[in-house]
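For reference, structure.cif (mmCIF, C-alpha atoms):
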```cif
data_upload
loop_
_atom_site.label_atom_id
_atom_site.label_comp_id
_atom_site.auth_asym_id
_atom_site.auth_seq_id
_atom_site.Cartn_x
_atom_site.Cartn_y
_atom_site.Cartn_z
CA MET Y 735 -6.65 30.57 -203.74
CA GLN Y 736 -5.35 33.28 -201.45
CA ARG Y 737 -7.90 35.76 -200.17
CA ARG Y 738 -7.00 39.26 -201.34
CA ARG Y 739 -7.71 42.59 -199.70
CA VAL Y 740 -8.55 44.84 -202.60
CA PHE Y 741 -8.79 48.63 -202.70
CA VAL Y 742 -10.75 49.90 -205.72
CA THR Y 743 -10.90 53.38 -207.19
CA GLY Y 744 -13.77 53.96 -209.62
CA GLY Y 745 -15.78 51.22 -207.97
CA THR Y 746 -19.19 52.71 -208.79
CA GLY Y 747 -18.54 52.79 -212.53
CA TYR Y 748 -19.10 50.58 -215.55
CA LEU Y 749 -16.24 48.19 -214.76
CA GLY Y 750 -16.13 48.73 -211.01
CA ARG Y 751 -19.52 47.40 -209.98
CA PRO Y 752 -19.35 44.03 -211.79
CA LEU Y 753 -15.76 43.56 -210.63
CA ILE Y 754 -16.62 44.25 -207.00
CA ARG Y 755 -19.56 41.85 -207.14
CA GLU Y 756 -17.27 39.13 -208.50
CA LEU Y 757 -14.51 39.87 -205.98
CA LEU Y 758 -16.98 39.53 -203.13
CA ALA Y 759 -18.50 36.37 -204.60
CA ARG Y 760 -15.03 34.80 -204.68
CA GLY Y 761 -14.38 35.65 -201.05
CA HIS Y 762 -12.11 38.68 -201.35
CA ALA Y 763 -12.38 41.73 -199.09
CA VAL Y 764 -13.17 44.97 -200.92
CA ARG Y 765 -12.78 48.59 -199.89
CA ALA Y 766 -13.81 51.20 -202.45
CA LEU Y 767 -12.83 54.85 -202.56
CA VAL Y 768 -15.98 56.87 -203.24
CA ARG Y 769 -17.49 60.29 -202.91
CA SER Y 770 -19.95 60.28 -200.03
CA ALA Y 771 -22.90 60.83 -202.36
CA SER Y 772 -21.96 57.76 -204.42
CA ALA Y 773 -21.51 55.21 -201.62
CA ALA Y 774 -25.01 53.77 -202.14
CA LYS Y 775 -24.06 52.71 -205.67
CA LEU Y 776 -21.53 50.16 -204.40
CA PRO Y 777 -22.54 46.49 -204.37
CA ALA Y 778 -23.60 45.24 -200.96
CA GLY Y 779 -20.70 43.83 -198.99
CA ALA Y 780 -18.08 46.33 -200.13
CA GLU Y 781 -16.73 48.80 -197.60
CA ALA Y 782 -17.12 52.40 -198.76
CA VAL Y 783 -14.23 54.73 -197.93
CA ALA Y 784 -14.92 58.43 -198.49
CA GLY Y 785 -12.11 60.22 -200.31
CA ASP Y 786 -10.89 61.94 -203.44
CA ALA Y 787 -9.36 59.81 -206.20
CA LEU Y 788 -7.60 62.90 -207.54
CA GLY Y 789 -5.95 63.71 -204.21
CA ASP Y 790 -3.94 62.09 -201.45
CA PHE Y 791 -5.65 58.92 -200.25
CA ALA Y 792 -2.63 56.81 -199.25
CA ALA Y 793 -3.72 56.60 -195.62
CA LEU Y 794 -7.00 54.98 -196.67
CA ILE Y 795 -5.44 52.01 -198.53
CA PRO Y 796 -4.17 49.77 -195.67
CA PRO Y 797 -4.69 46.95 -195.00
CA ALA Y 798 -5.27 46.30 -198.71
CA ASP Y 799 -2.59 44.39 -200.65
CA THR Y 800 -3.97 45.19 -204.13
CA LEU Y 801 -5.16 48.43 -205.72
CA VAL Y 802 -7.39 48.29 -208.79
CA HIS Y 803 -7.48 51.66 -210.52
CA LEU Y 804 -10.67 52.14 -212.58
CA VAL Y 805 -11.17 55.91 -212.46
CA GLY Y 806 -11.73 57.41 -215.89
CA THR Y 807 -13.85 59.70 -218.01
CA PRO Y 808 -17.13 57.92 -218.86
CA HIS Y 809 -17.94 57.35 -222.55
CA PRO Y 810 -14.60 58.72 -223.78
CA GLY Y 811 -14.61 60.62 -227.06
CA PRO Y 812 -12.29 62.97 -228.97
CA HIS Y 813 -14.05 66.01 -227.49
CA LYS Y 814 -13.08 65.01 -223.95
CA ALA Y 815 -9.32 65.52 -224.24
CA ARG Y 816 -9.25 68.00 -221.38
CA GLN Y 817 -11.10 65.61 -219.07
CA PHE Y 818 -8.64 62.85 -219.90
CA ARG Y 819 -5.80 64.98 -218.59
CA GLU Y 820 -7.69 66.43 -215.62
CA VAL Y 821 -9.31 63.18 -214.44
CA ASP Y 822 -7.73 60.09 -215.99
CA LEU Y 823 -4.12 61.24 -215.78
CA VAL Y 824 -4.38 62.99 -212.42
CA SER Y 825 -6.11 59.99 -210.86
CA ILE Y 826 -3.56 57.39 -211.99
CA ARG Y 827 -0.78 59.68 -210.80
CA ALA Y 828 -2.54 59.86 -207.41
CA SER Y 829 -2.92 56.07 -207.30
CA VAL Y 830 0.74 55.45 -208.15
CA THR Y 831 1.86 57.96 -205.52
CA ALA Y 832 -0.40 56.41 -202.88
CA ALA Y 833 0.62 52.85 -203.77
CA LYS Y 834 4.32 53.71 -203.48
CA ARG Y 835 3.81 55.43 -200.15
CA VAL Y 836 2.24 52.36 -198.54
CA ALA Y 837 4.50 49.86 -200.36
CA LEU Y 838 1.49 48.20 -202.00
CA HIS Y 839 1.92 44.63 -203.22
CA HIS Y 840 0.21 44.96 -206.61
CA LEU Y 841 -1.45 47.63 -208.79
CA VAL Y 842 -3.95 46.80 -211.53
CA TYR Y 843 -4.48 49.47 -214.22
CA VAL Y 844 -6.86 49.57 -217.18
CA SER Y 845 -5.03 51.26 -220.04
CA VAL Y 846 -6.02 51.03 -223.71
CA ALA Y 847 -4.81 49.14 -226.78
CA HIS Y 848 -2.18 50.99 -228.78
CA PRO Y 849 -0.96 52.03 -231.24
CA ALA Y 850 -4.36 53.00 -232.59
CA PRO Y 851 -5.63 55.14 -235.47
CA ALA Y 852 -8.20 56.99 -233.33
CA MET Y 853 -8.73 58.50 -229.87
CA ARG Y 854 -5.21 59.93 -229.83
CA ALA Y 855 -5.70 62.12 -226.75
CA TYR Y 856 -7.14 59.20 -224.78
CA VAL Y 857 -4.37 56.84 -225.87
CA ALA Y 858 -1.71 59.43 -225.03
CA VAL Y 859 -2.99 59.85 -221.48
CA ARG Y 860 -3.18 56.10 -220.90
CA GLU Y 861 0.37 55.72 -222.21
CA GLU Y 862 1.44 58.38 -219.72
CA GLY Y 863 -0.29 56.36 -217.00
CA GLU Y 864 1.68 53.28 -218.04
CA ALA Y 865 4.91 55.29 -217.96
CA LEU Y 866 4.16 56.49 -214.42
CA ILE Y 867 3.72 52.89 -213.33
CA ALA Y 868 6.91 51.74 -215.07
CA ALA Y 869 8.91 54.51 -213.41
CA SER Y 870 7.47 53.80 -209.96
CA GLY Y 871 9.04 50.40 -209.39
CA LEU Y 872 5.64 48.95 -208.43
CA SER Y 873 4.54 45.47 -209.43
CA ALA Y 874 1.57 45.93 -211.72
CA THR Y 875 -0.74 44.36 -214.24
CA ILE Y 876 -1.73 46.65 -217.11
CA LEU Y 877 -4.76 45.65 -219.18
CA ARG Y 878 -5.12 47.04 -222.70
CA PRO Y 879 -8.66 46.65 -224.04
CA TRP Y 880 -9.90 48.73 -226.96
CA TYR Y 881 -13.68 48.72 -226.41
CA VAL Y 882 -15.65 46.83 -223.76
CA LEU Y 883 -19.10 45.76 -224.93
CA GLY Y 884 -21.85 45.76 -222.32
CA PRO Y 885 -25.03 47.55 -221.19
CA GLY Y 886 -25.03 51.03 -222.70
CA HIS Y 887 -21.83 50.23 -224.61
CA ARG Y 888 -23.00 48.11 -227.53
CA TRP Y 889 -22.87 50.18 -230.73
CA PRO Y 890 -19.48 48.78 -231.91
CA ALA Y 891 -21.07 45.31 -232.03
CA VAL Y 892 -22.21 46.17 -235.56
CA LEU Y 893 -18.53 46.08 -236.55
CA GLN Y 894 -18.07 42.44 -235.56
CA PRO Y 895 -18.48 41.07 -239.13
CA ALA Y 896 -15.71 43.44 -240.27
CA TYR Y 897 -13.53 42.31 -237.38
CA TRP Y 898 -14.13 38.67 -238.36
CA ILE Y 899 -12.82 39.38 -241.84
CA THR Y 900 -9.85 41.56 -240.89
CA GLU Y 901 -8.67 39.09 -238.24
CA ARG Y 902 -8.28 36.51 -241.00
CA LEU Y 903 -6.35 38.63 -243.50
CA PRO Y 904 -2.56 38.47 -243.00
CA TRP Y 905 -2.01 42.20 -243.56
CA THR Y 906 -4.72 43.33 -241.08
CA ARG Y 907 -4.68 40.45 -238.58
CA GLU Y 908 -2.35 41.95 -235.96
CA ALA Y 909 -4.14 45.32 -235.77
CA ALA Y 910 -7.58 43.71 -235.77
CA ARG Y 911 -6.66 41.49 -232.85
CA ARG Y 912 -4.98 44.29 -230.91
CA LEU Y 913 -7.98 46.61 -231.40
CA GLY Y 914 -10.65 43.94 -231.06
CA LEU Y 915 -13.80 44.09 -228.97
CA VAL Y 916 -14.13 42.38 -225.60
CA SER Y 917 -17.20 41.79 -223.49
CA LEU Y 918 -17.81 43.16 -220.01
CA ALA Y 919 -17.74 39.58 -218.71
CA GLN Y 920 -14.33 38.99 -220.34
CA MET Y 921 -13.00 42.24 -218.89
CA THR Y 922 -14.27 41.40 -215.43
CA ALA Y 923 -12.63 37.97 -215.65
CA ALA Y 924 -9.34 39.55 -216.75
CA LEU Y 925 -9.38 41.97 -213.82
CA MET Y 926 -10.21 39.12 -211.46
CA LEU Y 927 -7.38 37.00 -212.86
CA ALA Y 928 -4.98 39.91 -212.36
CA VAL Y 929 -6.07 40.37 -208.73
CA GLU Y 930 -5.77 36.69 -207.88
CA ASN Y 931 -2.43 36.23 -209.65
CA PRO Y 932 -0.27 39.27 -208.79
CA ALA Y 933 2.54 40.17 -211.15
CA ALA Y 934 6.22 40.23 -210.28
CA GLY Y 935 7.31 43.38 -212.07
CA VAL Y 936 5.06 44.84 -214.76
CA ARG Y 937 3.04 42.62 -217.09
CA PHE Y 938 0.62 43.47 -219.88
CA ALA Y 939 -2.57 41.85 -221.14
CA GLY Y 940 -3.95 42.87 -224.51
CA VAL Y 941 -7.22 41.97 -226.20
CA PRO Y 942 -6.30 38.30 -226.95
CA GLU Y 943 -5.29 37.73 -223.29
CA ILE Y 944 -8.40 39.48 -222.01
CA ARG Y 945 -10.58 37.27 -224.20
CA ASP Y 946 -8.86 34.17 -222.82
CA SER Y 947 -9.18 35.18 -219.16
CA ALA Y 948 -12.52 33.55 -218.41
CA GLY Y 949 -11.12 30.17 -219.40
CA GLN Y 950 -8.13 30.62 -217.10
CA LEU Y 951 -10.15 31.66 -214.05
CA GLN Y 952 -10.45 28.78 -211.63
CA PRO Y 953 -13.64 28.21 -209.61
CA ALA Y 954 -13.59 29.92 -206.22
#
```

Rendering of file as structure tokens:
Amino acid sequence: MQRRRVFVTGGTGYLGRPLIRELLARGHAVRALVRSASAAKLPAGAEAVAGDALGDFAALIPPADTLVHLVGTPHPGPHKARQFREVDLVSIRASVTAAKRVALHHLVYVSVAHPAPAMRAYVAVREEGEALIAASGLSATILRPWYVLGPGHRWPAVLQPAYWITERLPWTREAARRLGLVSLAQMTAALMLAVENPAAGVRFAGVPEIRDSAGQLQPA
């Protein structure tokens, strides 16, 4: 396994902290872009780099070969449409611009499963993020979860019996699988797999691939 030098935006968040812990445990070097006041929230062993994820941070990326973009509005809901455009969209635009400027080897982006019958503003912004990546010419892995179950994010678990049924009916199977639930451990494994196996061009991983990631991850 090749040791990666990973630059993470959103490293103090719900996905960022478990991912950074796993990256470090597997021997990768991690630098995380943070606000100065948030540096203490990073897992021990990660290098904190003070900067603005909504601005120009290209000069802070080297010598990283991989950028994992995890900035986003916490606990997204329909009432946060403005934040999606002012934070989620602006930050992925900043990451794409920075990655192009330093000729980064690989970008990892967490999008969202689509098409979907809900969260239209959120989905629209994530689709715009995907389009920015596609137009950039960067090599990238784009993950498309729907909802990631974990601490503080468990209420959709009550829907699992309904998912079990709809995944087995021919007329609802495809949508149920595309919009299925994944665990935080599965999501972390999928991000890790993306980092350790860079894409050539742009590749996508939906819910079924995210669920399978832990089984594909080789021991460090």

So, with only C-alpha atoms as the atoms that count, which of Y:Ala869, Y:Leu913, Y:Leu801, Y:Ala933 lies closest to Y:Ala852? Y:Leu913

What does the structure give for the distance between atom CA of Y:Pro851 and atom CA of Y:Leu788, in Å to one decimal?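 These two atoms are separated by 29.1 Å.
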
Here's a test: counting all atoms listed in the file, identify every protein, DNA and RNA residue with an atom at most 12 Å from (-1.0, 61.6, -219.1) in the file's coordinate frame, and state them as a PDB file with C-alpha atoms, in the frame of the given file.
```pdb
ATOM      1  CA  GLY Y 806     -11.730  57.410-215.890  1.00  0.00           C
ATOM      2  CA  ALA Y 815      -9.320  65.520-224.240  1.00  0.00           C
ATOM      3  CA  ARG Y 816      -9.250  68.000-221.380  1.00  0.00           C
ATOM      4  CA  GLN Y 817     -11.100  65.610-219.070  1.00  0.00           C
ATOM      5  CA  PHE Y 818      -8.640  62.850-219.900  1.00  0.00           C
ATOM      6  CA  ARG Y 819      -5.800  64.980-218.590  1.00  0.00           C
ATOM      7  CA  GLU Y 820      -7.690  66.430-215.620  1.00  0.00           C
ATOM      8  CA  VAL Y 821      -9.310  63.180-214.440  1.00  0.00           C
ATOM      9  CA  ASP Y 822      -7.730  60.090-215.990  1.00  0.00           C
ATOM     10  CA  LEU Y 823      -4.120  61.240-215.780  1.00  0.00           C
ATOM     11  CA  VAL Y 824      -4.380  62.990-212.420  1.00  0.00           C
ATOM     12  CA  SER Y 825      -6.110  59.990-210.860  1.00  0.00           C
ATOM     13  CA  ILE Y 826      -3.560  57.390-211.990  1.00  0.00           C
ATOM     14  CA  ARG Y 827      -0.780  59.680-210.800  1.00  0.00           C
ATOM     15  CA  ALA Y 828      -2.540  59.860-207.410  1.00  0.00           C
ATOM     16  CA  SER Y 845      -5.030  51.260-220.040  1.00  0.00           C
ATOM     17  CA  ARG Y 854      -5.210  59.930-229.830  1.00  0.00           C
ATOM     18  CA  ALA Y 855      -5.700  62.120-226.750  1.00  0.00           C
ATOM     19  CA  TYR Y 856      -7.140  59.200-224.780  1.00  0.00           C
ATOM     20  CA  VAL Y 857      -4.370  56.840-225.870  1.00  0.00           C
ATOM     21  CA  ALA Y 858      -1.710  59.430-225.030  1.00  0.00           C
ATOM     22  CA  VAL Y 859      -2.990  59.850-221.480  1.00  0.00           C
ATOM     23  CA  ARG Y 860      -3.180  56.100-220.900  1.00  0.00           C
ATOM     24  CA  GLU Y 861       0.370  55.720-222.210  1.00  0.00           C
ATOM     25  CA  GLU Y 862       1.440  58.380-219.720  1.00  0.00           C
ATOM     26  CA  GLY Y 863      -0.290  56.360-217.000  1.00  0.00           C
ATOM     27  CA  GLU Y 864       1.680  53.280-218.040  1.00  0.00           C
ATOM     28  CA  ALA Y 865       4.910  55.290-217.960  1.00  0.00           C
ATOM     29  CA  LEU Y 866       4.160  56.490-214.420  1.00  0.00           C
ATOM     30  CA  ILE Y 867       3.720  52.890-213.330  1.00  0.00           C
TER      31      ILE Y 867
END
```

Here's a test: counting only C-alpha atoms, identify every protein, DNA and RNA residue with an atom at most 6 Å from (-5.4, 48.0, -201.5) in the file's coordinate frame, and state them as a PDB file with C-alpha atoms, in the coordinates of the input.
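The resulting file, selection-v8.pdb, is shown below:
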```pdb
ATOM      1  CA  VAL Y 740      -8.550  44.840-202.600  1.00  0.00           C
ATOM      2  CA  PHE Y 741      -8.790  48.630-202.700  1.00  0.00           C
ATOM      3  CA  ILE Y 795      -5.440  52.010-198.530  1.00  0.00           C
ATOM      4  CA  ALA Y 798      -5.270  46.300-198.710  1.00  0.00           C
ATOM      5  CA  ASP Y 799      -2.590  44.390-200.650  1.00  0.00           C
ATOM      6  CA  THR Y 800      -3.970  45.190-204.130  1.00  0.00           C
ATOM      7  CA  LEU Y 801      -5.160  48.430-205.720  1.00  0.00           C
TER       8      LEU Y 801
END
```

The PyMOL selection byres ((chain Y and resi 927) around 9) - which residues does that actually catch in the file I just gave you? List them as a PyMOL selection string. chain Y and resi 922-926+928-932+947-948+950-952

Include C-alpha atoms and write out the residues we just selected as a PDB file, in the frame of the given file.
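The resulting file, out32.pdb, is shown below:
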```
ATOM      1  CA  THR Y 922     -14.270  41.400-215.430  1.00  0.00           C
ATOM      2  CA  ALA Y 923     -12.630  37.970-215.650  1.00  0.00           C
ATOM      3  CA  ALA Y 924      -9.340  39.550-216.750  1.00  0.00           C
ATOM      4  CA  LEU Y 925      -9.380  41.970-213.820  1.00  0.00           C
ATOM      5  CA  MET Y 926     -10.210  39.120-211.460  1.00  0.00           C
ATOM      6  CA  ALA Y 928      -4.980  39.910-212.360  1.00  0.00           C
ATOM      7  CA  VAL Y 929      -6.070  40.370-208.730  1.00  0.00           C
ATOM      8  CA  GLU Y 930      -5.770  36.690-207.880  1.00  0.00           C
ATOM      9  CA  ASN Y 931      -2.430  36.230-209.650  1.00  0.00           C
ATOM     10  CA  PRO Y 932      -0.270  39.270-208.790  1.00  0.00           C
ATOM     11  CA  SER Y 947      -9.180  35.180-219.160  1.00  0.00           C
ATOM     12  CA  ALA Y 948     -12.520  33.550-218.410  1.00  0.00           C
ATOM     13  CA  GLN Y 950      -8.130  30.620-217.100  1.00  0.00           C
ATOM     14  CA  LEU Y 951     -10.150  31.660-214.050  1.00  0.00           C
ATOM     15  CA  GLN Y 952     -10.450  28.780-211.630  1.00  0.00           C
TER      16      GLN Y 952
END
```

Have a look at Y:Leu841, Y:Ile944, Y:Leu753, Y:Leu776 and name the one nearest to Y:Arg878; count all atoms listed in the file.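 Smallest separation from Y:Arg878 among the options: Y:Ile944.
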
To one decimal in Å, tell me the separation between atom CA of Y:Ile754 and atom CA of Y:Ala778.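 If I compute the distance from atom CA of Y:Ile754 to atom CA of Y:Ala778, I get 9.3 Å.
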
Do a neighbour search on stretch 742-744 of chain Y at 8 Å with all atoms listed in the file, toss out local chain neighbours closer than 4 positions, and write the hits as a PDB file with C-alpha atoms, in the frame of the given file.
```pdb
ATOM      1  CA  GLY Y 750     -16.130  48.730-211.010  1.00  0.00           C
ATOM      2  CA  VAL Y 764     -13.170  44.970-200.920  1.00  0.00           C
ATOM      3  CA  ARG Y 765     -12.780  48.590-199.890  1.00  0.00           C
ATOM      4  CA  ALA Y 766     -13.810  51.200-202.450  1.00  0.00           C
ATOM      5  CA  LEU Y 767     -12.830  54.850-202.560  1.00  0.00           C
ATOM      6  CA  VAL Y 768     -15.980  56.870-203.240  1.00  0.00           C
ATOM      7  CA  ALA Y 787      -9.360  59.810-206.200  1.00  0.00           C
ATOM      8  CA  LEU Y 801      -5.160  48.430-205.720  1.00  0.00           C
ATOM      9  CA  VAL Y 802      -7.390  48.290-208.790  1.00  0.00           C
ATOM     10  CA  HIS Y 803      -7.480  51.660-210.520  1.00  0.00           C
ATOM     11  CA  LEU Y 804     -10.670  52.140-212.580  1.00  0.00           C
ATOM     12  CA  VAL Y 805     -11.170  55.910-212.460  1.00  0.00           C
ATOM     13  CA  GLY Y 806     -11.730  57.410-215.890  1.00  0.00           C
TER      14      GLY Y 806
END
```

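Evaluating the PyMOL selection byres ((chain Y and resi 936) around 7) against the shown model yields Ser873, Ala874, Thr875, Ala933, Ala934, Gly935, Arg937 and Phe938 of chain Y.
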
Neighbours of Y:His762 within 9 Å (all atoms listed in the file; same-chain residues fewer than 6 positions away dropped), as a ChimeraX atom specification? /Y:736-740,756

Axis-aligned box for stretch 931-947 of chain Y, 4 Å per side, centre and edges in Å as AutoDock Vina command-line options:
```
--center_x -1.6 --center_y 39.5 --center_z -217.9 --size_x 25.9 --size_y 18.7 --size_z 26.2
```

Please measure the separation of atom CA of Y:Gly747 and atom CA of Y:Val941, giving the value in Å to one decimal.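 Value for the atom CA of Y:Gly747-atom CA of Y:Val941 distance: 20.8 Å.
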
Nearest-residue call for Y:Thr746, choices Y:Pro810, Y:Pro777, Y:Gly884, Y:Pro904, using only C-alpha atoms: Y:Pro777

Pick from Y:Gly949, Y:Gly940, Y:Gly871, Y:Gly745: nearest to Y:His840, with only C-alpha atoms counted?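 Nearest to Y:His840: Y:Gly871.
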
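With distances restricted to all atoms listed in the file, Y:Pro797 is the closest residue to Y:Ala837 from Y:Gly886, Y:Pro808, Y:Pro879, Y:Pro797.
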
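Using only C-alpha atoms for every distance, the candidate list Y:Ala939, Y:Val916, Y:Ala792, Y:Ala868 yields Y:Ala792 as the residue closest to Y:Arg835.
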